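Peer 1: This is start_31.tsv (TSV, C-alpha atoms).
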chain	number	residue	atom	x	y	z
A	1	MET	CA	0.00	0.00	0.00
A	2	ASN	CA	1.30	3.41	-0.90
A	3	PHE	CA	0.96	5.59	2.17
A	4	PHE	CA	1.96	8.62	0.13
A	5	GLN	CA	-0.88	8.23	-2.33
A	6	ARG	CA	-2.83	11.46	-2.49
A	7	ARG	CA	-6.56	11.39	-2.01
A	8	THR	CA	-8.71	13.34	-4.40
A	9	PRO	CA	-9.86	16.59	-2.71
A	10	LEU	CA	-13.45	16.06	-3.76
A	11	ALA	CA	-14.86	18.79	-1.53
A	12	TRP	CA	-12.51	21.39	-2.98
A	13	PHE	CA	-13.19	20.31	-6.56
A	14	ASN	CA	-16.94	20.48	-5.99
A	15	LEU	CA	-16.65	24.07	-4.76
A	16	THR	CA	-14.20	25.31	-7.39
A	17	TYR	CA	-15.78	23.56	-10.39
A	18	GLU	CA	-17.85	26.67	-11.07
A	19	ARG	CA	-15.95	29.78	-9.95
A	20	ARG	CA	-18.94	32.08	-10.20
A	21	LYS	CA	-20.94	29.93	-7.79
A	22	LEU	CA	-17.96	29.80	-5.45
A	23	LEU	CA	-17.64	33.58	-5.37
A	24	THR	CA	-21.37	33.89	-4.74
A	25	ALA	CA	-21.10	31.40	-1.89
A	26	ILE	CA	-18.14	33.25	-0.35
A	27	ALA	CA	-20.06	36.53	-0.62
A	28	GLY	CA	-23.04	34.95	1.16
A	29	VAL	CA	-20.95	33.66	4.04
A	30	GLY	CA	-19.01	36.92	4.21
A	31	PHE	CA	-22.25	38.89	4.41
A	32	ALA	CA	-23.40	36.80	7.39
A	33	VAL	CA	-19.98	37.27	9.03
A	34	VAL	CA	-20.16	41.05	8.60
A	35	LEU	CA	-23.65	41.10	10.12
A	36	MET	CA	-22.48	39.13	13.16
A	37	PHE	CA	-19.38	41.29	13.57
A	38	MET	CA	-21.35	44.54	13.39
A	39	PHE	CA	-24.16	43.55	15.74
A	40	ARG	CA	-21.74	42.01	18.21
A	41	GLY	CA	-19.48	45.03	17.78
A	42	PHE	CA	-22.25	47.47	18.69
A	43	GLU	CA	-23.11	45.39	21.74
A	44	ASN	CA	-19.47	45.28	22.88
A	45	ALA	CA	-19.12	49.00	22.13
A	46	LEU	CA	-22.06	49.67	24.42
A	47	TYR	CA	-20.41	47.84	27.31
A	48	ASP	CA	-16.85	49.01	26.62
A	49	SER	CA	-17.87	52.62	26.14
A	50	GLN	CA	-19.99	52.71	29.29
A	51	VAL	CA	-17.11	51.61	31.51
A	52	GLN	CA	-14.19	53.32	29.76
A	53	LEU	CA	-14.41	56.38	32.06
A	54	LEU	CA	-14.63	54.17	35.15
A	55	LYS	CA	-11.52	52.25	34.08
A	56	LEU	CA	-9.54	55.48	33.85
A	57	LEU	CA	-10.64	57.01	37.17
A	58	ASN	CA	-7.83	56.99	39.72
A	59	GLY	CA	-9.34	55.22	42.69
A	60	ASP	CA	-9.41	51.80	44.35
A	61	ILE	CA	-12.80	52.28	46.02
A	62	VAL	CA	-15.90	53.98	44.63
A	63	ILE	CA	-18.56	55.71	46.72
A	64	VAL	CA	-21.94	56.65	45.25
A	65	SER	CA	-25.42	57.43	46.47
A	66	ARG	CA	-27.38	54.35	47.54
A	67	THR	CA	-30.11	55.28	45.04
A	68	LYS	CA	-27.68	55.47	42.11
A	69	THR	CA	-28.53	52.56	39.79
A	70	ASN	CA	-25.67	53.19	37.36
A	71	MET	CA	-22.70	55.45	37.00
A	72	PHE	CA	-24.39	58.19	35.00
A	73	VAL	CA	-27.71	58.60	36.83
A	74	PRO	CA	-27.68	62.22	38.11
A	75	VAL	CA	-27.94	61.36	41.82
A	76	GLN	CA	-25.48	62.81	44.32
A	77	PHE	CA	-24.44	62.21	47.93
A	78	ALA	CA	-23.14	64.53	50.63
A	79	ARG	CA	-19.46	65.42	50.24
A	80	ARG	CA	-18.92	65.06	53.98
A	81	ARG	CA	-19.15	61.28	53.49
A	82	LEU	CA	-15.81	61.49	51.66
A	83	TYR	CA	-14.25	63.34	54.58
A	84	GLN	CA	-15.56	60.63	56.91
A	85	ALA	CA	-14.16	57.87	54.67
A	86	GLU	CA	-10.79	59.61	54.42
A	87	ALA	CA	-10.37	59.34	58.19
A	88	PHE	CA	-10.26	55.52	58.07
A	89	ASP	CA	-6.93	53.75	58.37
A	90	GLY	CA	-5.62	52.74	54.95
A	91	VAL	CA	-7.32	55.52	52.97
A	92	MET	CA	-4.65	57.74	51.43
A	93	ALA	CA	-6.86	60.26	49.66
A	94	ALA	CA	-10.48	60.97	48.77
A	95	TYR	CA	-11.39	62.65	45.47
A	96	PRO	CA	-14.82	64.09	44.59
A	97	LEU	CA	-15.96	63.95	40.97
A	98	TYR	CA	-18.80	66.17	39.72
A	99	ILE	CA	-20.75	65.30	36.58
A	100	ASN	CA	-23.30	67.42	34.76
A	101	THR	CA	-24.54	68.22	31.27
A	102	GLY	CA	-23.98	71.57	29.57
A	103	ASN	CA	-25.05	72.93	26.20
A	104	TRP	CA	-22.01	73.57	24.00
A	105	LYS	CA	-22.25	76.08	21.17
A	106	ASP	CA	-20.41	75.36	17.95
A	107	PRO	CA	-18.47	78.62	17.38
A	108	VAL	CA	-18.98	78.32	13.61
A	109	SER	CA	-22.53	77.07	13.10
A	110	LYS	CA	-23.82	78.51	16.43
A	111	ARG	CA	-25.79	75.33	17.03
A	112	THR	CA	-25.78	73.95	20.56
A	113	ARG	CA	-25.32	70.34	21.57
A	114	PRO	CA	-25.17	68.76	25.03
A	115	LEU	CA	-21.79	67.64	26.32
A	116	ARG	CA	-20.97	65.78	29.52
A	117	VAL	CA	-19.04	67.92	31.98
A	118	LEU	CA	-16.51	66.25	34.29
A	119	ALA	CA	-15.24	68.48	37.10
A	120	PHE	CA	-12.71	67.99	39.90
A	121	ASN	CA	-9.88	69.76	41.66
A	122	PRO	CA	-7.04	69.97	39.10
A	123	SER	CA	-4.57	69.27	41.91
A	124	ASP	CA	-6.20	65.87	42.46
A	125	ASP	CA	-5.10	63.13	40.10
A	126	VAL	CA	-8.70	62.07	39.39
A	127	LEU	CA	-8.44	61.36	35.67
A	128	PRO	CA	-4.76	60.78	34.86
A	129	LEU	CA	-4.84	61.30	31.12
A	130	PRO	CA	-1.82	62.97	29.46
A	131	GLY	CA	-3.82	65.91	28.11
A	132	ILE	CA	-5.34	66.62	31.52
A	133	GLN	CA	-2.09	66.31	33.45
A	134	GLN	CA	-0.38	68.61	30.97
A	135	HIS	CA	-2.95	71.39	31.49
A	136	GLN	CA	-3.46	71.26	35.26
A	137	GLN	CA	-2.41	74.88	35.68
A	138	ASP	CA	-4.55	76.06	32.76
A	139	LEU	CA	-7.64	74.44	34.28
A	140	GLN	CA	-7.26	76.60	37.36
A	141	LEU	CA	-7.93	79.71	35.28
A	142	PRO	CA	-11.55	80.92	35.33
A	143	TRP	CA	-13.90	80.06	32.45
A	144	THR	CA	-11.58	77.44	30.94
A	145	VAL	CA	-12.11	73.81	29.89
A	146	LEU	CA	-10.42	70.95	28.13
A	147	ILE	CA	-12.41	69.28	25.36
A	148	ASP	CA	-12.35	65.63	24.37
A	149	ASP	CA	-10.78	65.40	20.92
A	150	LYS	CA	-12.88	62.27	20.32
A	151	SER	CA	-16.12	64.21	20.68
A	152	ARG	CA	-18.47	64.12	17.74
A	153	SER	CA	-17.70	66.42	14.83
A	154	GLU	CA	-21.01	68.26	15.38
A	155	VAL	CA	-19.55	70.07	18.41
A	156	GLY	CA	-17.27	72.04	16.08
A	157	LEU	CA	-13.59	72.92	16.52
A	158	LYS	CA	-11.75	70.88	19.14
A	159	GLN	CA	-8.50	72.70	19.72
A	160	ALA	CA	-6.85	75.08	22.16
A	161	GLY	CA	-7.75	78.73	21.75
A	162	VAL	CA	-11.38	78.20	20.73
A	163	VAL	CA	-13.72	80.64	22.47
A	164	THR	CA	-17.42	79.79	22.54
A	165	GLU	CA	-20.26	79.25	25.04
A	166	LEU	CA	-21.08	76.55	27.56
A	167	SER	CA	-24.51	76.74	29.20
A	168	GLU	CA	-24.85	80.25	27.74
A	169	LYS	CA	-21.65	81.47	29.39
A	170	ARG	CA	-18.34	82.29	27.79
A	171	VAL	CA	-15.76	79.51	27.77
A	172	MET	CA	-12.25	79.11	26.38
A	173	VAL	CA	-10.68	75.81	25.37
A	174	VAL	CA	-7.14	75.59	26.77
A	175	GLY	CA	-6.33	72.09	25.55
A	176	THR	CA	-7.60	68.66	24.59
A	177	PHE	CA	-7.62	65.14	25.99
A	178	SER	CA	-8.69	61.77	24.58
A	179	LEU	CA	-11.51	59.80	26.20
A	180	GLY	CA	-14.32	58.97	23.77
A	181	THR	CA	-18.08	59.06	23.83
A	182	ASP	CA	-20.61	56.65	25.27
A	183	PHE	CA	-24.38	56.41	25.42
A	184	ALA	CA	-24.45	58.72	28.45
A	185	SER	CA	-22.12	61.44	27.18
A	186	GLY	CA	-23.78	61.59	23.77
A	187	ASN	CA	-21.75	64.12	21.82
A	188	GLY	CA	-18.60	64.18	23.93
A	189	ASN	CA	-16.91	65.41	27.08
A	190	VAL	CA	-15.32	68.48	28.61
A	191	VAL	CA	-13.20	68.66	31.75
A	192	MET	CA	-13.10	71.68	34.07
A	193	SER	CA	-12.02	72.56	37.58
A	194	ASP	CA	-14.41	72.31	40.50
A	195	GLN	CA	-14.32	76.09	40.86
A	196	ASN	CA	-15.34	76.55	37.24
A	197	PHE	CA	-18.06	73.97	37.85
A	198	LEU	CA	-19.52	76.43	40.34
A	199	ARG	CA	-19.25	79.29	37.86
A	200	TYR	CA	-21.28	77.41	35.25
A	201	PHE	CA	-23.77	75.41	37.29
A	202	ALA	CA	-24.22	77.02	40.71
A	203	ASP	CA	-26.85	79.47	39.50
A	204	LEU	CA	-28.91	78.11	36.60
A	205	GLY	CA	-32.19	79.84	37.30
A	206	PRO	CA	-35.59	78.48	38.33
A	207	ASP	CA	-36.01	76.06	35.41
A	208	GLU	CA	-32.85	74.01	36.04
A	209	GLU	CA	-31.32	72.36	39.08
A	210	SER	CA	-28.30	74.30	40.29
A	211	ARG	CA	-25.24	72.44	41.57
A	212	GLY	CA	-22.75	73.10	44.31
A	213	LEU	CA	-19.66	71.38	45.65
A	214	ASN	CA	-21.38	70.06	48.78
A	215	THR	CA	-22.89	67.15	46.81
A	216	VAL	CA	-20.77	64.68	44.83
A	217	ASP	CA	-21.65	62.39	41.93
A	218	ILE	CA	-18.82	59.90	42.41
A	219	GLY	CA	-16.31	59.62	45.23
A	220	LEU	CA	-12.94	57.95	44.71
A	221	LEU	CA	-10.73	56.61	47.49
A	222	ARG	CA	-7.03	55.85	47.10
A	223	VAL	CA	-5.92	52.95	49.27
A	224	ALA	CA	-2.46	52.66	50.82
A	225	ALA	CA	-0.11	50.09	49.34
A	226	GLY	CA	-0.42	46.72	51.00
A	227	LYS	CA	-3.88	47.43	52.38
A	228	ASN	CA	-6.54	44.85	51.50
A	229	VAL	CA	-9.12	46.72	49.43
A	230	ASP	CA	-11.95	44.22	49.93
A	231	GLU	CA	-11.55	44.25	53.71
A	232	LEU	CA	-11.51	48.06	53.74
A	233	VAL	CA	-14.68	48.10	51.63
A	234	LYS	CA	-16.43	45.91	54.22
A	235	VAL	CA	-15.32	48.19	57.06
A	236	LEU	CA	-16.56	51.30	55.24
A	237	ARG	CA	-19.90	49.64	54.46
A	238	ASP	CA	-20.40	48.74	58.10
A	239	ARG	CA	-19.33	52.02	59.66
A	240	LEU	CA	-20.35	54.75	57.21
A	241	PRO	CA	-23.97	56.03	57.06
A	242	LYS	CA	-26.32	53.94	54.95
A	243	ASP	CA	-27.24	56.69	52.50
A	244	ILE	CA	-24.23	55.73	50.38
A	245	SER	CA	-22.96	52.55	48.71
A	246	VAL	CA	-19.31	51.53	48.84
A	247	TYR	CA	-17.74	49.31	46.18
A	248	SER	CA	-14.30	48.22	45.17
A	249	LYS	CA	-13.55	49.50	41.70
A	250	GLN	CA	-13.92	46.00	40.27
A	251	GLU	CA	-17.28	45.54	42.00
A	252	PHE	CA	-18.57	48.82	40.64
A	253	PHE	CA	-17.22	47.94	37.21
A	254	GLN	CA	-19.16	44.66	37.29
A	255	LYS	CA	-22.26	46.42	38.64
A	256	GLU	CA	-22.20	48.82	35.73
A	257	LEU	CA	-21.89	46.00	33.18
A	258	ASP	CA	-24.68	44.03	34.86
A	259	TYR	CA	-26.94	47.05	34.70
A	260	TRP	CA	-26.55	47.49	30.96
A	261	ARG	CA	-26.81	43.76	30.31
A	262	ASN	CA	-29.76	42.94	32.56
A	263	GLU	CA	-31.66	46.14	33.31
A	264	THR	CA	-31.85	47.62	29.83
A	265	SER	CA	-33.21	46.25	26.58
A	266	ILE	CA	-30.21	47.37	24.53
A	267	GLY	CA	-28.08	44.32	25.26
A	268	PHE	CA	-31.01	41.99	24.51
A	269	VAL	CA	-31.69	43.73	21.20
A	270	PHE	CA	-28.11	43.41	19.97
A	271	SER	CA	-27.92	39.78	21.14
A	272	LEU	CA	-31.14	39.05	19.26
A	273	LEU	CA	-29.80	40.73	16.12
A	274	THR	CA	-26.58	38.72	16.36
A	275	THR	CA	-28.57	35.50	16.69
A	276	MET	CA	-30.73	36.47	13.72
A	277	SER	CA	-27.65	37.13	11.59
A	278	PHE	CA	-26.35	33.69	12.61
A	279	MET	CA	-29.61	32.13	11.45
A	280	VAL	CA	-29.47	34.09	8.19
A	281	GLY	CA	-26.01	32.66	7.65
A	282	VAL	CA	-27.25	29.12	8.32
A	283	ILE	CA	-30.01	29.54	5.73
A	284	LEU	CA	-27.67	31.08	3.14
A	285	VAL	CA	-25.03	28.37	3.49
A	286	TYR	CA	-27.70	25.65	3.50
A	287	GLN	CA	-29.07	26.93	0.20
A	288	ILE	CA	-25.57	26.98	-1.26
A	289	LEU	CA	-24.69	23.47	-0.12
A	290	TYR	CA	-28.10	22.03	-0.95
A	291	THR	CA	-27.85	23.42	-4.48
A	292	ASP	CA	-24.40	21.88	-4.84
A	293	VAL	CA	-25.69	18.52	-3.58
A	294	ALA	CA	-28.61	18.68	-6.02
A	295	ASP	CA	-26.27	19.53	-8.90
A	296	HIS	CA	-24.05	16.53	-8.07
A	297	TRP	CA	-26.75	14.13	-7.02
A	298	VAL	CA	-25.89	11.67	-9.79
A	299	GLU	CA	-22.22	11.74	-8.84
A	300	TYR	CA	-23.01	11.16	-5.17
A	301	ALA	CA	-25.34	8.28	-6.11
A	302	THR	CA	-22.56	6.81	-8.22
A	303	LEU	CA	-20.17	6.95	-5.28
A	304	LYS	CA	-22.70	5.17	-3.10
A	305	ALA	CA	-23.28	2.56	-5.84
A	306	ILE	CA	-19.58	1.68	-6.00
A	307	GLY	CA	-19.32	1.27	-2.25
A	308	TYR	CA	-18.62	4.66	-0.63
A	309	SER	CA	-20.44	4.97	2.69
A	310	ASN	CA	-22.79	7.68	3.90
A	311	ARG	CA	-20.08	8.64	6.40
A	312	TYR	CA	-17.66	9.46	3.57
A	313	LEU	CA	-20.25	11.55	1.71
A	314	PHE	CA	-21.16	13.25	4.97
A	315	ALA	CA	-17.50	14.15	5.48
A	316	VAL	CA	-17.26	15.56	1.94
A	317	VAL	CA	-20.17	17.96	2.47
A	318	LEU	CA	-18.86	19.01	5.89
A	319	GLN	CA	-15.47	19.68	4.33
A	320	GLN	CA	-17.18	21.95	1.82
A	321	ALA	CA	-18.92	23.72	4.68
A	322	ALA	CA	-15.63	24.19	6.54
A	323	ILE	CA	-13.90	25.54	3.42
A	324	LEU	CA	-16.74	27.99	2.83
A	325	ALA	CA	-16.53	29.07	6.48
A	326	PHE	CA	-12.83	29.91	6.13
A	327	LEU	CA	-13.11	31.55	2.71
A	328	GLY	CA	-16.09	33.64	3.84
A	329	PHE	CA	-14.74	34.55	7.29
A	330	VAL	CA	-11.45	36.08	6.13
A	331	PRO	CA	-12.92	38.79	3.82
A	332	GLY	CA	-15.85	39.28	6.22
A	333	CYS	CA	-13.41	39.96	9.04
A	334	PHE	CA	-11.40	42.48	7.00
A	335	ILE	CA	-14.53	44.28	5.81
A	336	SER	CA	-15.81	44.41	9.39
A	337	TYR	CA	-12.49	45.86	10.56
A	338	GLY	CA	-12.92	48.72	8.10
A	339	LEU	CA	-16.51	49.27	9.20
A	340	TYR	CA	-15.39	49.26	12.84
A	341	SER	CA	-12.89	52.02	12.09
A	342	LEU	CA	-15.49	54.00	10.16
A	343	THR	CA	-18.02	53.69	13.00
A	344	ARG	CA	-15.43	54.53	15.64
A	345	ASN	CA	-14.38	57.70	13.80
A	346	ALA	CA	-17.98	58.76	13.14
A	347	THR	CA	-19.43	58.11	16.60
A	348	GLY	CA	-16.50	57.91	19.02
A	349	LEU	CA	-17.77	54.54	20.32
A	350	LEU	CA	-15.23	51.88	21.26
A	351	MET	CA	-15.71	49.55	18.30
A	352	VAL	CA	-12.72	47.32	18.97
A	353	MET	CA	-11.74	43.94	17.53
A	354	THR	CA	-9.89	41.90	20.11
A	355	PRO	CA	-8.30	38.50	19.38
A	356	SER	CA	-10.80	36.74	21.64
A	357	ARG	CA	-13.77	38.36	19.88
A	358	ILE	CA	-12.39	37.47	16.45
A	359	PHE	CA	-11.82	33.89	17.60
A	360	ASN	CA	-15.33	33.60	19.05
A	361	LEU	CA	-16.95	34.78	15.82
A	362	MET	CA	-14.70	32.51	13.78
A	363	ILE	CA	-15.97	29.57	15.83
A	364	ALA	CA	-19.54	30.83	15.31
A	365	THR	CA	-18.94	31.01	11.55
A	366	PHE	CA	-17.64	27.45	11.38
A	367	LEU	CA	-20.54	26.27	13.53
A	368	MET	CA	-22.98	28.12	11.27
A	369	CYS	CA	-21.58	26.43	8.16
A	370	LEU	CA	-21.38	22.99	9.76
A	371	ILE	CA	-25.02	23.16	10.84
A	372	SER	CA	-25.94	24.03	7.27
A	373	GLY	CA	-23.82	21.14	6.02
A	374	VAL	CA	-25.49	18.65	8.37
A	375	ILE	CA	-28.92	19.70	7.11
A	376	ALA	CA	-27.92	19.69	3.44
A	377	VAL	CA	-26.20	16.30	3.53
A	378	ARG	CA	-29.36	14.50	4.56
A	379	ARG	CA	-30.44	14.33	0.89
A	380	VAL	CA	-27.24	12.50	0.01
A	381	GLN	CA	-27.63	10.04	2.85
A	382	GLN	CA	-31.27	9.34	1.98
A	383	SER	CA	-30.61	8.88	-1.74
A	384	ASP	CA	-30.89	5.39	-3.19
A	385	PRO	CA	-28.65	4.62	-6.20
A	386	ALA	CA	-31.45	2.49	-7.61
A	387	GLU	CA	-33.59	5.64	-7.92
A	388	VAL	CA	-30.99	7.21	-10.15
A	389	PHE	CA	-29.87	4.21	-12.20
A	390	GLY	CA	-32.98	2.05	-12.00
A	391	SER	CA	-35.11	1.49	-15.06
Kindly present the structure from the file in structure tokens form.

Peer 2:
Amino acid sequence: MNFFQRRTPLAWFNLTYERRKLLTAIAGVGFAVVLMFMFRGFENALYDSQVQLLKLLNGDIVIVSRTKTNMFVPVQFARRRLYQAEAFDGVMAAYPLYINTGNWKDPVSKRTRPLRVLAFNPSDDVLPLPGIQQHQQDLQLPWTVLIDDKSRSEVGLKQAGVVTELSEKRVMVVGTFSLGTDFASGNGNVVMSDQNFLRYFADLGPDEESRGLNTVDIGLLRVAAGKNVDELVKVLRDRLPKDISVYSKQEFFQKELDYWRNETSIGFVFSLLTTMSFMVGVILVYQILYTDVADHWVEYATLKAIGYSNRYLFAVVLQQAAILAFLGFVPGCFISYGLYSLTRNATGLLMVMTPSRIFNLMIATFLMCLISGVIAVRRVQQSDPAEVFGS
């Protein structure tokens, strides 16, 4: 027996016999791959974008109002709770973070759009981004802000020296930083000092809720090196007043993700759309493979007549499905990468392809094609050579 005898790649020949059909099949699989990538990408962007600010905040423990269901609900707690927490052994520093929304006027078009305002003492290392650290002194000047250079293009010019209006008051941009938008910030972000926060939001008139520095949106605690964060969290929960909630940063991170996954319909919608695109792919590939089986029904019957088993024919069709999965996934992945970049630049959302996400969707693509192959091959297995060659 010649162990080096090459077997005929029947699955490959079946697919490549008609190049036009092959290209159509690859396009069909690629289309399903792009759909899955985009729907899954929007879902991941939702989660990644919602926690990107939290990841960057410089704190080991987070304090929020007990009634705050997620990070961006406009509910505050008394600032004195931070002073009380700072007195505990192991707490190095306590930073207050103030969050509000202000209407930003495009200096060119004069149209206004809401931006999220993040305010803190510039001397506190609350948000250690290079652009913010570089302009700590500039932020201490009155009526100044830094603008997120990843804000949507509709906000207008995003560069130092721009003079416009924020909440109908004059403002000057003294620099930029890079953060990115999310579903809470909408159009983008600006950073200002806590004293400027008072200038813009302490006296808004009877129709809007004015803000002061005695109430805080998010409190951040820095923990001394070597101190067990989880144990300190338990102590603070037990001994601080019950009008606040205390979390480790990881706990609050997980709480935020759980909220968007379980308490909103957005995650369910994107998961449903991803599942639907998977089913569309199954149907498309099934039609492709079933058509190929029908076109080669006589050949398959001949193989069965000369002794080839159903298992061999089953393997041939599954090989075709696997080849289609690979040939369709590669261009679908590259097209999706371009669409991710386009979406990220247009919206500021974190549309990111990670190796694990690419691998998961590759597995889903192969599973999609194999399911289609299993369904399509049933006609081959049920065929009787006598039906084809009988008189």

Peer 1: For a cut-off of 12 Å around (-28.7, 30.3, 8.3), file coordinates, pick out all residues using all atoms listed in the file and list them as a VMD selection string.

Peer 2: chain A and resid 28 to 29 31 to 33 36 274 to 289 364 to 373 375 to 376

Peer 1: Please produce a file of the residues just selected, as a PDB file, in the coordinates of the input, where the atoms kept are C-alpha atoms.

Peer 2:
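Output file out_1.pdb is given in full below:
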ATOM      1  CA  GLY A  28     -23.040  34.950   1.160  1.00  0.00           C
ATOM      2  CA  VAL A  29     -20.950  33.660   4.040  1.00  0.00           C
ATOM      3  CA  PHE A  31     -22.250  38.890   4.410  1.00  0.00           C
ATOM      4  CA  ALA A  32     -23.400  36.800   7.390  1.00  0.00           C
ATOM      5  CA  VAL A  33     -19.980  37.270   9.030  1.00  0.00           C
ATOM      6  CA  MET A  36     -22.480  39.130  13.160  1.00  0.00           C
ATOM      7  CA  THR A 274     -26.580  38.720  16.360  1.00  0.00           C
ATOM      8  CA  THR A 275     -28.570  35.500  16.690  1.00  0.00           C
ATOM      9  CA  MET A 276     -30.730  36.470  13.720  1.00  0.00           C
ATOM     10  CA  SER A 277     -27.650  37.130  11.590  1.00  0.00           C
ATOM     11  CA  PHE A 278     -26.350  33.690  12.610  1.00  0.00           C
ATOM     12  CA  MET A 279     -29.610  32.130  11.450  1.00  0.00           C
ATOM     13  CA  VAL A 280     -29.470  34.090   8.190  1.00  0.00           C
ATOM     14  CA  GLY A 281     -26.010  32.660   7.650  1.00  0.00           C
ATOM     15  CA  VAL A 282     -27.250  29.120   8.320  1.00  0.00           C
ATOM     16  CA  ILE A 283     -30.010  29.540   5.730  1.00  0.00           C
ATOM     17  CA  LEU A 284     -27.670  31.080   3.140  1.00  0.00           C
ATOM     18  CA  VAL A 285     -25.030  28.370   3.490  1.00  0.00           C
ATOM     19  CA  TYR A 286     -27.700  25.650   3.500  1.00  0.00           C
ATOM     20  CA  GLN A 287     -29.070  26.930   0.200  1.00  0.00           C
ATOM     21  CA  ILE A 288     -25.570  26.980  -1.260  1.00  0.00           C
ATOM     22  CA  LEU A 289     -24.690  23.470  -0.120  1.00  0.00           C
ATOM     23  CA  ALA A 364     -19.540  30.830  15.310  1.00  0.00           C
ATOM     24  CA  THR A 365     -18.940  31.010  11.550  1.00  0.00           C
ATOM     25  CA  PHE A 366     -17.640  27.450  11.380  1.00  0.00           C
ATOM     26  CA  LEU A 367     -20.540  26.270  13.530  1.00  0.00           C
ATOM     27  CA  MET A 368     -22.980  28.120  11.270  1.00  0.00           C
ATOM     28  CA  CYS A 369     -21.580  26.430   8.160  1.00  0.00           C
ATOM     29  CA  LEU A 370     -21.380  22.990   9.760  1.00  0.00           C
ATOM     30  CA  ILE A 371     -25.020  23.160  10.840  1.00  0.00           C
ATOM     31  CA  SER A 372     -25.940  24.030   7.270  1.00  0.00           C
ATOM     32  CA  GLY A 373     -23.820  21.140   6.020  1.00  0.00           C
ATOM     33  CA  ILE A 375     -28.920  19.700   7.110  1.00  0.00           C
ATOM     34  CA  ALA A 376     -27.920  19.690   3.440  1.00  0.00           C
TER      35      ALA A 376
END

Peer 1: CA of Arg170 in chain A and CA of Arg111 in chain A, how far apart in Å?

Peer 2: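 A separation of 14.8 Å between them.
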
Peer 1: I'd like the neighbourhood of Ser193 in chain A as a PyMOL selection string, where a residue qualifies if any of its atoms comes within 9 Å (using all atoms listed in the file), though same-chain residues fewer than 6 positions away should be ignored.

Peer 2: chain A and resi 118-122+136+139-142+144-145

Peer 1: Is it possible to get the residues within 10 Å of (-23.8, 71.4, 29.3) (coordinates as in the file, counting all atoms listed in the file) written as a list in words?

Peer 2: Ile99, Asn100, Thr101, Gly102, Asn103, Trp104, Lys105, Thr112, Arg113, Pro114, Leu115, Arg116, Val117, Glu165, Leu166, Ser167, Glu168, Asn189, Val190, Tyr200 and Phe201 of chain A

Peer 1: Excluding range 15-22 of chain A and any residue of its chain fewer than 5 positions from it, enumerate the residues within 9 Å of it, using only C-alpha atoms, and give them as a PyMOL selection string.

Peer 2: chain A and resi 10+27+288+292+320+323-324

Peer 1: Next, the residues of the selection above should be written as a compact mmCIF listing (two decimals), in the frame of the given file with C-alpha atoms.

Peer 2:
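The resulting again_21.txt:
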# COMPACT_ATOMS: atom_id res chain seq x y z
CA LEU A 10 -13.45 16.06 -3.76
CA ALA A 27 -20.06 36.53 -0.62
CA ILE A 288 -25.57 26.98 -1.26
CA ASP A 292 -24.40 21.88 -4.84
CA GLN A 320 -17.18 21.95 1.82
CA ILE A 323 -13.90 25.54 3.42
CA LEU A 324 -16.74 27.99 2.83

Peer 1: Of the candidates A:Leu35, A:Thr176, A:Phe334, A:Glu154, which shows the shortest atom-to-atom distance to Gln134 in chain A, using only C-alpha atoms?

Peer 2: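 Among A:Leu35, A:Thr176, A:Phe334, A:Glu154, it is A:Thr176 that comes nearest to Gln134 in chain A.
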
Peer 1: Quick one: distance from CA of Gly156 in chain A to CA of Leu198 in chain A in Å, one decimal?

Peer 2: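 About the pair CA of Gly156 in chain A and CA of Leu198 in chain A: they are 24.8 Å apart.
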
Peer 1: Smallest atom-to-atom distance to Leu350 in chain A: which of A:Val75, A:Met92, A:Leu54, A:Leu179, using all atoms listed in the file?

Peer 2: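 Checking each of A:Val75, A:Met92, A:Leu54, A:Leu179 against Leu350 in chain A, counting all atoms listed in the file, the winner is A:Leu179.
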
Peer 1: Can you work out which one of A:Val229, A:Val64, A:Val377, A:Gly175 has the shortest atom-to-atom distance to Tyr290 in chain A, counting only C-alpha atoms?

Peer 2: A:Val377

Peer 1: Report as a Markdown table the residues of range 137-218 of chain A within 10 Å of range 337-345 of chain A, each with its shortest atom pair and distance in Å (one decimal), using all atoms listed in the file, ordered by chain and increasing residue number.

Peer 2:
| residue | atom | partner | partner_atom | distance |
| --- | --- | --- | --- | --- |
| A:Lys150 | CA | A:Asn345 | CA | 8.1 |
| A:Ser151 | CA | A:Asn345 | CA | 9.6 |
| A:Arg152 | CA | A:Asn345 | CA | 8.6 |
| A:Ser153 | CA | A:Asn345 | CA | 9.4 |
| A:Gly180 | CA | A:Arg344 | CA | 9.3 |
| A:Thr181 | CA | A:Arg344 | CA | 9.7 |

Peer 1: Measuring between only C-alpha atoms, which one of A:Phe359, A:Asp89, A:Ser109, A:Thr347 shows the shortest distance to Ala225 in chain A?

Peer 2: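 Of the candidates, the smallest distance to Ala225 in chain A is held by A:Asp89.
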
Peer 1: Closest to Leu220 in chain A among A:Val51, A:Ile63, A:Leu236, A:Ile26, using only C-alpha atoms?

Peer 2: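 Counting only C-alpha atoms, the residue closest to Leu220 in chain A is A:Ile63.
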
Peer 1: Which value, in Å to one decimal, gives the distance between CA of Val155 in chain A and CA of Gln137 in chain A?

Peer 2: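 Distance reported for this atom pair: 24.8 Å.
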